[in-house]
Amino acid sequence: MNSLSKKDKQGLMLIAAVVAILGLIVAYNMRLASRPKPDAQSCIQPVSKKTVFVLDQSDTIPEQTSIEIVRRIREAIAKDVQENELVTIFQVTDASRTSLRPIFTKCKPKQDGNELTENKRFIQKAFQEEFMHPLEDALSHAPPKSSSSPIGEILIDLSLTGFLSGEENRLYVFSDLMQNSSNASLYACRNADQAISEFRSKRAGAVERPSFHNAAISLNFIPREGIPRSALDCRNGFWNWFFGDTDGPNASVTPNYLPGGVAMQ
């Protein structure tokens with residue numbers, strides 16, 4: 001039998017290389033096809049981490065406060081929120097008392113990729129168009145002015161939904177936290193125990209305070225000028241009770257303050 005020529009050997013090596021490359025492509029495509037598909041919120045189930053932002057702009061707030069709220073949200077999403085973590089934003093309005101709907105809810109998609117095996121430009125473009133642009137659009141629309149601020153009722157309702165049901169959760173509240181609804185108003189409050197009792201009595205037959213599991217809660221206080229010290233002490237006592245059922249190894253309640261005092265109206 002004649003031995004293969006150098007040219008024949010080179011041809012066979014080329015064919016083998018092509019076959020190997022095709023095999024890798026088929027295997028890669030099969031792997032992609034077998035991956036779970038994203039749902040309507042761009043989430044790949046199961047989602048183990050969830051972050052919620054609650055924006056209470058029911059009363060007038062100064063420009064520097066609004067700018068800082070948006071900055072903190074962007075920073076949290078950039079630094080703390082991980083890929084495939086569900087991000088949801090709610091606005092506090094009169095309507096949200098009975099119709100609690102998010103203005104934004106999506107899982108954070110992949111932001112970057114491997115230059116050797118993935119199209120980085122496509123991934124980065126999709127991240128901006130499918131996640132960041134809708135998020136920025138949601139933040140740019142100020143809610144209608146409201147006659148009440150049912151922040152407590154909204155947080156209770158939120159605790160009963162799946163928006164903070166992950167293994168790890170984060171809740172950011174941006175509000176003056178001056179609860180103001182038919183159940184209780186803290187503006188004229190002088191005694192925290194009385195405010196708590198009034199709120200609980202009005203909530204009789206319903207959940208009286210939320211139970212957040214494994215939630216790191218950040219309370220970002222919008223400053224208000226002219227609130228009596230007694231009302232501030234009452235506010236602090238009310239919210240200390242309100243978040244008393246938060247549990248889990250990652251549970252915490254951290255107060256933070258926003259710039260820009262504004263007088264009460």
# chains A, B, ... in the order shown; residues from 1 in each chain; ligands from 1

call {"tool": "select_by_dssp", "arguments": {"residues": "range 21-206 of chain A", "states": "strand (DSSP E)", "output": "PyMOL selection string"}}
result
chain A and resi 49-55+86-91+104-107+168-175

call {"tool": "closest_residue", "arguments": {"among": "A:Ala95, A:Val52, A:Leu258, A:Ile196", "to": "Trp239 in chain A", "atoms": "only C-alpha atoms"}}
result
A:Ile196

call {"tool": "select_by_dssp", "arguments": {"residues": "range 55-232 of chain A", "states": "alpha helix (DSSP H)", "output": "PDB file with N, CA, C and O atoms, in the first residue's frame"}}
result
ATOM      1  N   GLU A  63     -34.796  69.393  44.745  1.00  0.00           N
ATOM      2  CA  GLU A  63     -34.090  68.785  43.612  1.00  0.00           C
ATOM      3  C   GLU A  63     -32.900  67.949  44.061  1.00  0.00           C
ATOM      4  O   GLU A  63     -32.669  66.853  43.539  1.00  0.00           O
ATOM      5  N   GLN A  64     -32.108  68.465  45.029  1.00  0.00           N
ATOM      6  CA  GLN A  64     -30.927  67.712  45.440  1.00  0.00           C
ATOM      7  C   GLN A  64     -31.294  66.383  46.078  1.00  0.00           C
ATOM      8  O   GLN A  64     -30.528  65.418  46.008  1.00  0.00           O
ATOM      9  N   THR A  65     -32.474  66.315  46.693  1.00  0.00           N
ATOM     10  CA  THR A  65     -32.936  65.050  47.267  1.00  0.00           C
ATOM     11  C   THR A  65     -33.262  64.052  46.162  1.00  0.00           C
ATOM     12  O   THR A  65     -32.871  62.881  46.237  1.00  0.00           O
ATOM     13  N   SER A  66     -33.975  64.515  45.140  1.00  0.00           N
ATOM     14  CA  SER A  66     -34.310  63.644  44.011  1.00  0.00           C
ATOM     15  C   SER A  66     -33.059  63.120  43.314  1.00  0.00           C
ATOM     16  O   SER A  66     -32.977  61.939  42.961  1.00  0.00           O
ATOM     17  N   ILE A  67     -32.082  63.999  43.118  1.00  0.00           N
ATOM     18  CA  ILE A  67     -30.837  63.603  42.465  1.00  0.00           C
ATOM     19  C   ILE A  67     -30.110  62.538  43.280  1.00  0.00           C
ATOM     20  O   ILE A  67     -29.609  61.538  42.741  1.00  0.00           O
ATOM     21  N   GLU A  68     -30.076  62.717  44.599  1.00  0.00           N
ATOM     22  CA  GLU A  68     -29.383  61.767  45.464  1.00  0.00           C
ATOM     23  C   GLU A  68     -30.114  60.425  45.526  1.00  0.00           C
ATOM     24  O   GLU A  68     -29.477  59.370  45.587  1.00  0.00           O
ATOM     25  N   ILE A  69     -31.434  60.433  45.488  1.00  0.00           N
ATOM     26  CA  ILE A  69     -32.197  59.182  45.468  1.00  0.00           C
ATOM     27  C   ILE A  69     -31.833  58.365  44.240  1.00  0.00           C
ATOM     28  O   ILE A  69     -31.532  57.168  44.331  1.00  0.00           O
ATOM     29  N   VAL A  70     -31.831  59.014  43.078  1.00  0.00           N
ATOM     30  CA  VAL A  70     -31.492  58.310  41.840  1.00  0.00           C
ATOM     31  C   VAL A  70     -30.047  57.821  41.884  1.00  0.00           C
ATOM     32  O   VAL A  70     -29.744  56.706  41.452  1.00  0.00           O
ATOM     33  N   ARG A  71     -29.149  58.635  42.425  1.00  0.00           N
ATOM     34  CA  ARG A  71     -27.744  58.222  42.509  1.00  0.00           C
ATOM     35  C   ARG A  71     -27.585  56.978  43.375  1.00  0.00           C
ATOM     36  O   ARG A  71     -26.845  56.047  43.022  1.00  0.00           O
ATOM     37  N   ARG A  72     -28.280  56.941  44.503  1.00  0.00           N
ATOM     38  CA  ARG A  72     -28.175  55.785  45.398  1.00  0.00           C
ATOM     39  C   ARG A  72     -28.754  54.524  44.763  1.00  0.00           C
ATOM     40  O   ARG A  72     -28.233  53.431  44.953  1.00  0.00           O
ATOM     41  N   ILE A  73     -29.823  54.691  44.007  1.00  0.00           N
ATOM     42  CA  ILE A  73     -30.406  53.533  43.320  1.00  0.00           C
ATOM     43  C   ILE A  73     -29.434  52.999  42.275  1.00  0.00           C
ATOM     44  O   ILE A  73     -29.184  51.787  42.188  1.00  0.00           O
ATOM     45  N   ARG A  74     -28.871  53.901  41.478  1.00  0.00           N
ATOM     46  CA  ARG A  74     -27.898  53.473  40.465  1.00  0.00           C
ATOM     47  C   ARG A  74     -26.694  52.780  41.103  1.00  0.00           C
ATOM     48  O   ARG A  74     -26.211  51.760  40.615  1.00  0.00           O
ATOM     49  N   GLU A  75     -26.207  53.343  42.196  1.00  0.00           N
ATOM     50  CA  GLU A  75     -25.032  52.778  42.866  1.00  0.00           C
ATOM     51  C   GLU A  75     -25.341  51.388  43.426  1.00  0.00           C
ATOM     52  O   GLU A  75     -24.526  50.466  43.313  1.00  0.00           O
ATOM     53  N   ALA A  76     -26.504  51.234  44.029  1.00  0.00           N
ATOM     54  CA  ALA A  76     -26.884  49.938  44.573  1.00  0.00           C
ATOM     55  C   ALA A  76     -26.981  48.883  43.474  1.00  0.00           C
ATOM     56  O   ALA A  76     -26.524  47.747  43.644  1.00  0.00           O
ATOM     57  N   ILE A  77     -27.555  49.260  42.340  1.00  0.00           N
ATOM     58  CA  ILE A  77     -27.696  48.313  41.239  1.00  0.00           C
ATOM     59  C   ILE A  77     -26.328  47.960  40.655  1.00  0.00           C
ATOM     60  O   ILE A  77     -26.055  46.810  40.307  1.00  0.00           O
ATOM     61  N   ALA A  78     -25.436  48.949  40.558  1.00  0.00           N
ATOM     62  CA  ALA A  78     -24.111  48.706  39.984  1.00  0.00           C
ATOM     63  C   ALA A  78     -23.225  47.878  40.915  1.00  0.00           C
ATOM     64  O   ALA A  78     -22.497  46.981  40.464  1.00  0.00           O
ATOM     65  N   LYS A  79     -23.296  48.143  42.228  1.00  0.00           N
ATOM     66  CA  LYS A  79     -22.346  47.530  43.157  1.00  0.00           C
ATOM     67  C   LYS A  79     -22.884  46.298  43.878  1.00  0.00           C
ATOM     68  O   LYS A  79     -22.129  45.368  44.178  1.00  0.00           O
ATOM     69  N   LYS A 120     -19.052  40.528  23.251  1.00  0.00           N
ATOM     70  CA  LYS A 120     -19.150  41.471  24.360  1.00  0.00           C
ATOM     71  C   LYS A 120     -19.987  42.694  23.998  1.00  0.00           C
ATOM     72  O   LYS A 120     -20.781  43.179  24.803  1.00  0.00           O
ATOM     73  N   ARG A 121     -19.805  43.191  22.786  1.00  0.00           N
ATOM     74  CA  ARG A 121     -20.537  44.391  22.377  1.00  0.00           C
ATOM     75  C   ARG A 121     -22.038  44.138  22.366  1.00  0.00           C
ATOM     76  O   ARG A 121     -22.827  44.978  22.816  1.00  0.00           O
ATOM     77  N   PHE A 122     -22.441  42.959  21.888  1.00  0.00           N
ATOM     78  CA  PHE A 122     -23.860  42.610  21.860  1.00  0.00           C
ATOM     79  C   PHE A 122     -24.405  42.501  23.279  1.00  0.00           C
ATOM     80  O   PHE A 122     -25.504  42.993  23.583  1.00  0.00           O
ATOM     81  N   ILE A 123     -23.659  41.868  24.187  1.00  0.00           N
ATOM     82  CA  ILE A 123     -24.099  41.701  25.580  1.00  0.00           C
ATOM     83  C   ILE A 123     -24.257  43.056  26.250  1.00  0.00           C
ATOM     84  O   ILE A 123     -25.248  43.327  26.936  1.00  0.00           O
ATOM     85  N   GLN A 124     -23.285  43.950  26.069  1.00  0.00           N
ATOM     86  CA  GLN A 124     -23.332  45.269  26.697  1.00  0.00           C
ATOM     87  C   GLN A 124     -24.466  46.113  26.123  1.00  0.00           C
ATOM     88  O   GLN A 124     -25.137  46.853  26.866  1.00  0.00           O
ATOM     89  N   LYS A 125     -24.690  45.996  24.825  1.00  0.00           N
ATOM     90  CA  LYS A 125     -25.785  46.742  24.197  1.00  0.00           C
ATOM     91  C   LYS A 125     -27.136  46.251  24.719  1.00  0.00           C
ATOM     92  O   LYS A 125     -28.026  47.060  25.035  1.00  0.00           O
ATOM     93  N   ALA A 126     -27.282  44.924  24.822  1.00  0.00           N
ATOM     94  CA  ALA A 126     -28.536  44.356  25.328  1.00  0.00           C
ATOM     95  C   ALA A 126     -28.772  44.767  26.773  1.00  0.00           C
ATOM     96  O   ALA A 126     -29.906  45.058  27.173  1.00  0.00           O
ATOM     97  N   PHE A 127     -27.712  44.828  27.565  1.00  0.00           N
ATOM     98  CA  PHE A 127     -27.834  45.241  28.969  1.00  0.00           C
ATOM     99  C   PHE A 127     -28.384  46.660  29.059  1.00  0.00           C
ATOM    100  O   PHE A 127     -29.273  46.940  29.866  1.00  0.00           O
ATOM    101  N   HIS A 133     -32.059  51.227  30.211  1.00  0.00           N
ATOM    102  CA  HIS A 133     -32.928  52.249  29.631  1.00  0.00           C
ATOM    103  C   HIS A 133     -34.338  52.210  30.222  1.00  0.00           C
ATOM    104  O   HIS A 133     -34.879  53.268  30.606  1.00  0.00           O
ATOM    105  N   PRO A 134     -34.988  51.038  30.341  1.00  0.00           N
ATOM    106  CA  PRO A 134     -36.304  51.008  31.001  1.00  0.00           C
ATOM    107  C   PRO A 134     -36.248  51.451  32.457  1.00  0.00           C
ATOM    108  O   PRO A 134     -37.166  52.107  32.953  1.00  0.00           O
ATOM    109  N   LEU A 135     -35.161  51.105  33.166  1.00  0.00           N
ATOM    110  CA  LEU A 135     -35.021  51.519  34.564  1.00  0.00           C
ATOM    111  C   LEU A 135     -34.907  53.036  34.670  1.00  0.00           C
ATOM    112  O   LEU A 135     -35.574  53.675  35.491  1.00  0.00           O
ATOM    113  N   GLU A 136     -34.053  53.627  33.833  1.00  0.00           N
ATOM    114  CA  GLU A 136     -33.890  55.088  33.847  1.00  0.00           C
ATOM    115  C   GLU A 136     -35.194  55.778  33.471  1.00  0.00           C
ATOM    116  O   GLU A 136     -35.533  56.829  34.021  1.00  0.00           O
ATOM    117  N   ASP A 137     -35.939  55.202  32.543  1.00  0.00           N
ATOM    118  CA  ASP A 137     -37.214  55.786  32.130  1.00  0.00           C
ATOM    119  C   ASP A 137     -38.211  55.768  33.293  1.00  0.00           C
ATOM    120  O   ASP A 137     -38.938  56.749  33.520  1.00  0.00           O
ATOM    121  N   ALA A 138     -38.220  54.667  34.048  1.00  0.00           N
ATOM    122  CA  ALA A 138     -39.119  54.573  35.206  1.00  0.00           C
ATOM    123  C   ALA A 138     -38.765  55.614  36.255  1.00  0.00           C
ATOM    124  O   ALA A 138     -39.654  56.231  36.857  1.00  0.00           O
ATOM    125  N   LEU A 139     -37.477  55.833  36.480  1.00  0.00           N
ATOM    126  CA  LEU A 139     -37.047  56.797  37.491  1.00  0.00           C
ATOM    127  C   LEU A 139     -37.286  58.244  37.074  1.00  0.00           C
ATOM    128  O   LEU A 139     -37.349  59.135  37.920  1.00  0.00           O
ATOM    129  N   SER A 140     -37.407  58.473  35.788  1.00  0.00           N
ATOM    130  CA  SER A 140     -37.543  59.847  35.290  1.00  0.00           C
ATOM    131  C   SER A 140     -38.967  60.388  35.404  1.00  0.00           C
ATOM    132  O   SER A 140     -39.191  61.587  35.253  1.00  0.00           O
ATOM    133  N   ILE A 151     -47.389  54.589  53.571  1.00  0.00           N
ATOM    134  CA  ILE A 151     -46.149  53.838  53.438  1.00  0.00           C
ATOM    135  C   ILE A 151     -46.193  52.532  54.237  1.00  0.00           C
ATOM    136  O   ILE A 151     -45.705  51.490  53.792  1.00  0.00           O
ATOM    137  N   GLY A 152     -46.806  52.562  55.427  1.00  0.00           N
ATOM    138  CA  GLY A 152     -46.884  51.354  56.240  1.00  0.00           C
ATOM    139  C   GLY A 152     -47.711  50.270  55.570  1.00  0.00           C
ATOM    140  O   GLY A 152     -47.296  49.102  55.488  1.00  0.00           O
ATOM    141  N   GLU A 153     -48.895  50.631  55.065  1.00  0.00           N
ATOM    142  CA  GLU A 153     -49.760  49.659  54.413  1.00  0.00           C
ATOM    143  C   GLU A 153     -49.090  49.059  53.171  1.00  0.00           C
ATOM    144  O   GLU A 153     -49.228  47.862  52.893  1.00  0.00           O
ATOM    145  N   ILE A 154     -48.360  49.904  52.438  1.00  0.00           N
ATOM    146  CA  ILE A 154     -47.695  49.423  51.228  1.00  0.00           C
ATOM    147  C   ILE A 154     -46.592  48.431  51.570  1.00  0.00           C
ATOM    148  O   ILE A 154     -46.432  47.389  50.909  1.00  0.00           O
ATOM    149  N   LEU A 155     -45.818  48.714  52.614  1.00  0.00           N
ATOM    150  CA  LEU A 155     -44.750  47.794  53.013  1.00  0.00           C
ATOM    151  C   LEU A 155     -45.322  46.472  53.514  1.00  0.00           C
ATOM    152  O   LEU A 155     -44.742  45.402  53.282  1.00  0.00           O
ATOM    153  N   ILE A 156     -46.464  46.522  54.199  1.00  0.00           N
ATOM    154  CA  ILE A 156     -47.115  45.282  54.632  1.00  0.00           C
ATOM    155  C   ILE A 156     -47.549  44.471  53.417  1.00  0.00           C
ATOM    156  O   ILE A 156     -47.288  43.258  53.333  1.00  0.00           O
ATOM    157  N   ASP A 157     -48.221  45.129  52.465  1.00  0.00           N
ATOM    158  CA  ASP A 157     -48.649  44.424  51.254  1.00  0.00           C
ATOM    159  C   ASP A 157     -47.453  43.849  50.508  1.00  0.00           C
ATOM    160  O   ASP A 157     -47.511  42.720  49.997  1.00  0.00           O
ATOM    161  N   LEU A 158     -46.375  44.603  50.453  1.00  0.00           N
ATOM    162  CA  LEU A 158     -45.172  44.146  49.763  1.00  0.00           C
ATOM    163  C   LEU A 158     -44.612  42.881  50.410  1.00  0.00           C
ATOM    164  O   LEU A 158     -44.148  41.966  49.719  1.00  0.00           O
ATOM    165  N   SER A 159     -44.677  42.800  51.733  1.00  0.00           N
ATOM    166  CA  SER A 159     -44.148  41.637  52.437  1.00  0.00           C
ATOM    167  C   SER A 159     -44.956  40.377  52.156  1.00  0.00           C
ATOM    168  O   SER A 159     -44.482  39.264  52.397  1.00  0.00           O
ATOM    169  N   ALA A 192     -45.589  57.173  70.709  1.00  0.00           N
ATOM    170  CA  ALA A 192     -45.427  56.063  69.773  1.00  0.00           C
ATOM    171  C   ALA A 192     -46.378  54.917  70.099  1.00  0.00           C
ATOM    172  O   ALA A 192     -46.974  54.318  69.197  1.00  0.00           O
ATOM    173  N   ASP A 193     -46.543  54.602  71.383  1.00  0.00           N
ATOM    174  CA  ASP A 193     -47.423  53.495  71.767  1.00  0.00           C
ATOM    175  C   ASP A 193     -48.853  53.757  71.320  1.00  0.00           C
ATOM    176  O   ASP A 193     -49.563  52.842  70.884  1.00  0.00           O
ATOM    177  N   GLN A 194     -49.275  55.011  71.407  1.00  0.00           N
ATOM    178  CA  GLN A 194     -50.629  55.355  70.976  1.00  0.00           C
ATOM    179  C   GLN A 194     -50.774  55.202  69.468  1.00  0.00           C
ATOM    180  O   GLN A 194     -51.788  54.688  68.981  1.00  0.00           O
ATOM    181  N   ALA A 195     -49.769  55.641  68.715  1.00  0.00           N
ATOM    182  CA  ALA A 195     -49.811  55.510  67.260  1.00  0.00           C
ATOM    183  C   ALA A 195     -49.822  54.046  66.843  1.00  0.00           C
ATOM    184  O   ALA A 195     -50.545  53.653  65.917  1.00  0.00           O
ATOM    185  N   ILE A 196     -49.026  53.235  67.524  1.00  0.00           N
ATOM    186  CA  ILE A 196     -48.979  51.802  67.222  1.00  0.00           C
ATOM    187  C   ILE A 196     -50.325  51.152  67.508  1.00  0.00           C
ATOM    188  O   ILE A 196     -50.855  50.367  66.716  1.00  0.00           O
ATOM    189  N   SER A 197     -50.908  51.491  68.651  1.00  0.00           N
ATOM    190  CA  SER A 197     -52.207  50.934  69.030  1.00  0.00           C
ATOM    191  C   SER A 197     -53.289  51.317  68.034  1.00  0.00           C
ATOM    192  O   SER A 197     -54.128  50.489  67.645  1.00  0.00           O
ATOM    193  N   GLU A 198     -53.257  52.596  67.594  1.00  0.00           N
ATOM    194  CA  GLU A 198     -54.251  53.068  66.619  1.00  0.00           C
ATOM    195  C   GLU A 198     -54.084  52.334  65.295  1.00  0.00           C
ATOM    196  O   GLU A 198     -55.074  51.883  64.697  1.00  0.00           O
ATOM    197  N   PHE A 199     -52.855  52.178  64.848  1.00  0.00           N
ATOM    198  CA  PHE A 199     -52.598  51.495  63.582  1.00  0.00           C
ATOM    199  C   PHE A 199     -53.061  50.042  63.661  1.00  0.00           C
ATOM    200  O   PHE A 199     -53.700  49.530  62.745  1.00  0.00           O
ATOM    201  N   ARG A 200     -52.733  49.360  64.762  1.00  0.00           N
ATOM    202  CA  ARG A 200     -53.099  47.956  64.912  1.00  0.00           C
ATOM    203  C   ARG A 200     -54.610  47.780  64.968  1.00  0.00           C
ATOM    204  O   ARG A 200     -55.155  46.825  64.389  1.00  0.00           O
ATOM    205  N   SER A 201     -55.285  48.692  65.647  1.00  0.00           N
ATOM    206  CA  SER A 201     -56.739  48.564  65.757  1.00  0.00           C
ATOM    207  C   SER A 201     -57.411  48.751  64.405  1.00  0.00           C
ATOM    208  O   SER A 201     -58.398  48.070  64.095  1.00  0.00           O
ATOM    209  N   LYS A 202     -56.875  49.668  63.594  1.00  0.00           N
ATOM    210  CA  LYS A 202     -57.450  49.887  62.262  1.00  0.00           C
ATOM    211  C   LYS A 202     -57.139  48.713  61.328  1.00  0.00           C
ATOM    212  O   LYS A 202     -57.870  48.472  60.367  1.00  0.00           O
ATOM    213  N   ARG A 229     -40.042  67.753  67.775  1.00  0.00           N
ATOM    214  CA  ARG A 229     -39.225  66.656  68.282  1.00  0.00           C
ATOM    215  C   ARG A 229     -40.081  65.498  68.747  1.00  0.00           C
ATOM    216  O   ARG A 229     -39.742  64.324  68.554  1.00  0.00           O
ATOM    217  N   SER A 230     -41.219  65.808  69.369  1.00  0.00           N
ATOM    218  CA  SER A 230     -42.095  64.748  69.863  1.00  0.00           C
ATOM    219  C   SER A 230     -42.612  63.874  68.720  1.00  0.00           C
ATOM    220  O   SER A 230     -42.743  62.655  68.859  1.00  0.00           O
ATOM    221  N   ALA A 231     -42.900  64.515  67.565  1.00  0.00           N
ATOM    222  CA  ALA A 231     -43.370  63.749  66.413  1.00  0.00           C
ATOM    223  C   ALA A 231     -42.256  62.882  65.839  1.00  0.00           C
ATOM    224  O   ALA A 231     -42.493  61.758  65.382  1.00  0.00           O
ATOM    225  N   LEU A 232     -41.026  63.401  65.851  1.00  0.00           N
ATOM    226  CA  LEU A 232     -39.894  62.609  65.365  1.00  0.00           C
ATOM    227  C   LEU A 232     -39.635  61.408  66.271  1.00  0.00           C
ATOM    228  O   LEU A 232     -39.365  60.298  65.795  1.00  0.00           O
TER     229      LEU A 232
END

call {"tool": "decode", "arguments": {"residues": "range 185-205 of chain A", "atoms": "N, CA and C atoms", "output": "PDB file, in the first residue's frame"}}
result
ATOM      1  N   SER A 185     -51.685  58.646  61.405  1.00  0.00           N
ATOM      2  CA  SER A 185     -50.876  59.746  60.903  1.00  0.00           C
ATOM      3  C   SER A 185     -49.868  60.122  61.978  1.00  0.00           C
ATOM      4  N   LEU A 186     -48.615  60.242  61.568  1.00  0.00           N
ATOM      5  CA  LEU A 186     -47.565  60.555  62.531  1.00  0.00           C
ATOM      6  C   LEU A 186     -47.289  62.053  62.648  1.00  0.00           C
ATOM      7  N   TYR A 187     -47.946  62.871  61.833  1.00  0.00           N
ATOM      8  CA  TYR A 187     -47.655  64.302  61.865  1.00  0.00           C
ATOM      9  C   TYR A 187     -48.016  64.943  63.203  1.00  0.00           C
ATOM     10  N   ALA A 188     -49.113  64.532  63.769  1.00  0.00           N
ATOM     11  CA  ALA A 188     -49.536  65.111  65.048  1.00  0.00           C
ATOM     12  C   ALA A 188     -49.270  64.153  66.207  1.00  0.00           C
ATOM     13  N   CYS A 189     -48.475  63.124  65.955  1.00  0.00           N
ATOM     14  CA  CYS A 189     -48.237  62.093  66.964  1.00  0.00           C
ATOM     15  C   CYS A 189     -47.350  62.619  68.092  1.00  0.00           C
ATOM     16  N   ARG A 190     -47.701  62.251  69.306  1.00  0.00           N
ATOM     17  CA  ARG A 190     -46.893  62.614  70.471  1.00  0.00           C
ATOM     18  C   ARG A 190     -46.457  61.392  71.272  1.00  0.00           C
ATOM     19  N   ASN A 191     -47.063  60.255  70.975  1.00  0.00           N
ATOM     20  CA  ASN A 191     -46.768  59.050  71.738  1.00  0.00           C
ATOM     21  C   ASN A 191     -46.737  57.848  70.796  1.00  0.00           C
ATOM     22  N   ALA A 192     -45.589  57.173  70.709  1.00  0.00           N
ATOM     23  CA  ALA A 192     -45.427  56.063  69.773  1.00  0.00           C
ATOM     24  C   ALA A 192     -46.378  54.917  70.099  1.00  0.00           C
ATOM     25  N   ASP A 193     -46.543  54.602  71.383  1.00  0.00           N
ATOM     26  CA  ASP A 193     -47.423  53.495  71.767  1.00  0.00           C
ATOM     27  C   ASP A 193     -48.853  53.757  71.320  1.00  0.00           C
ATOM     28  N   GLN A 194     -49.275  55.011  71.407  1.00  0.00           N
ATOM     29  CA  GLN A 194     -50.629  55.355  70.976  1.00  0.00           C
ATOM     30  C   GLN A 194     -50.774  55.202  69.468  1.00  0.00           C
ATOM     31  N   ALA A 195     -49.769  55.641  68.715  1.00  0.00           N
ATOM     32  CA  ALA A 195     -49.811  55.510  67.260  1.00  0.00           C
ATOM     33  C   ALA A 195     -49.822  54.046  66.843  1.00  0.00           C
ATOM     34  N   ILE A 196     -49.026  53.235  67.524  1.00  0.00           N
ATOM     35  CA  ILE A 196     -48.979  51.802  67.222  1.00  0.00           C
ATOM     36  C   ILE A 196     -50.325  51.152  67.508  1.00  0.00           C
ATOM     37  N   SER A 197     -50.908  51.491  68.651  1.00  0.00           N
ATOM     38  CA  SER A 197     -52.207  50.934  69.030  1.00  0.00           C
ATOM     39  C   SER A 197     -53.289  51.317  68.034  1.00  0.00           C
ATOM     40  N   GLU A 198     -53.257  52.596  67.594  1.00  0.00           N
ATOM     41  CA  GLU A 198     -54.251  53.068  66.619  1.00  0.00           C
ATOM     42  C   GLU A 198     -54.084  52.334  65.295  1.00  0.00           C
ATOM     43  N   PHE A 199     -52.855  52.178  64.848  1.00  0.00           N
ATOM     44  CA  PHE A 199     -52.598  51.495  63.582  1.00  0.00           C
ATOM     45  C   PHE A 199     -53.061  50.042  63.661  1.00  0.00           C
ATOM     46  N   ARG A 200     -52.733  49.360  64.762  1.00  0.00           N
ATOM     47  CA  ARG A 200     -53.099  47.956  64.912  1.00  0.00           C
ATOM     48  C   ARG A 200     -54.610  47.780  64.968  1.00  0.00           C
ATOM     49  N   SER A 201     -55.285  48.692  65.647  1.00  0.00           N
ATOM     50  CA  SER A 201     -56.739  48.564  65.757  1.00  0.00           C
ATOM     51  C   SER A 201     -57.411  48.751  64.405  1.00  0.00           C
ATOM     52  N   LYS A 202     -56.875  49.668  63.594  1.00  0.00           N
ATOM     53  CA  LYS A 202     -57.450  49.887  62.262  1.00  0.00           C
ATOM     54  C   LYS A 202     -57.139  48.713  61.328  1.00  0.00           C
ATOM     55  N   ARG A 203     -56.043  47.986  61.618  1.00  0.00           N
ATOM     56  CA  ARG A 203     -55.650  46.840  60.787  1.00  0.00           C
ATOM     57  C   ARG A 203     -56.218  45.525  61.323  1.00  0.00           C
ATOM     58  N   ALA A 204     -57.074  45.585  62.323  1.00  0.00           N
ATOM     59  CA  ALA A 204     -57.637  44.364  62.904  1.00  0.00           C
ATOM     60  C   ALA A 204     -58.287  43.513  61.810  1.00  0.00           C
ATOM     61  N   GLY A 205     -57.944  42.230  61.795  1.00  0.00           N
ATOM     62  CA  GLY A 205     -58.450  41.347  60.748  1.00  0.00           C
ATOM     63  C   GLY A 205     -57.516  41.247  59.563  1.00  0.00           C
TER      64      GLY A 205
END
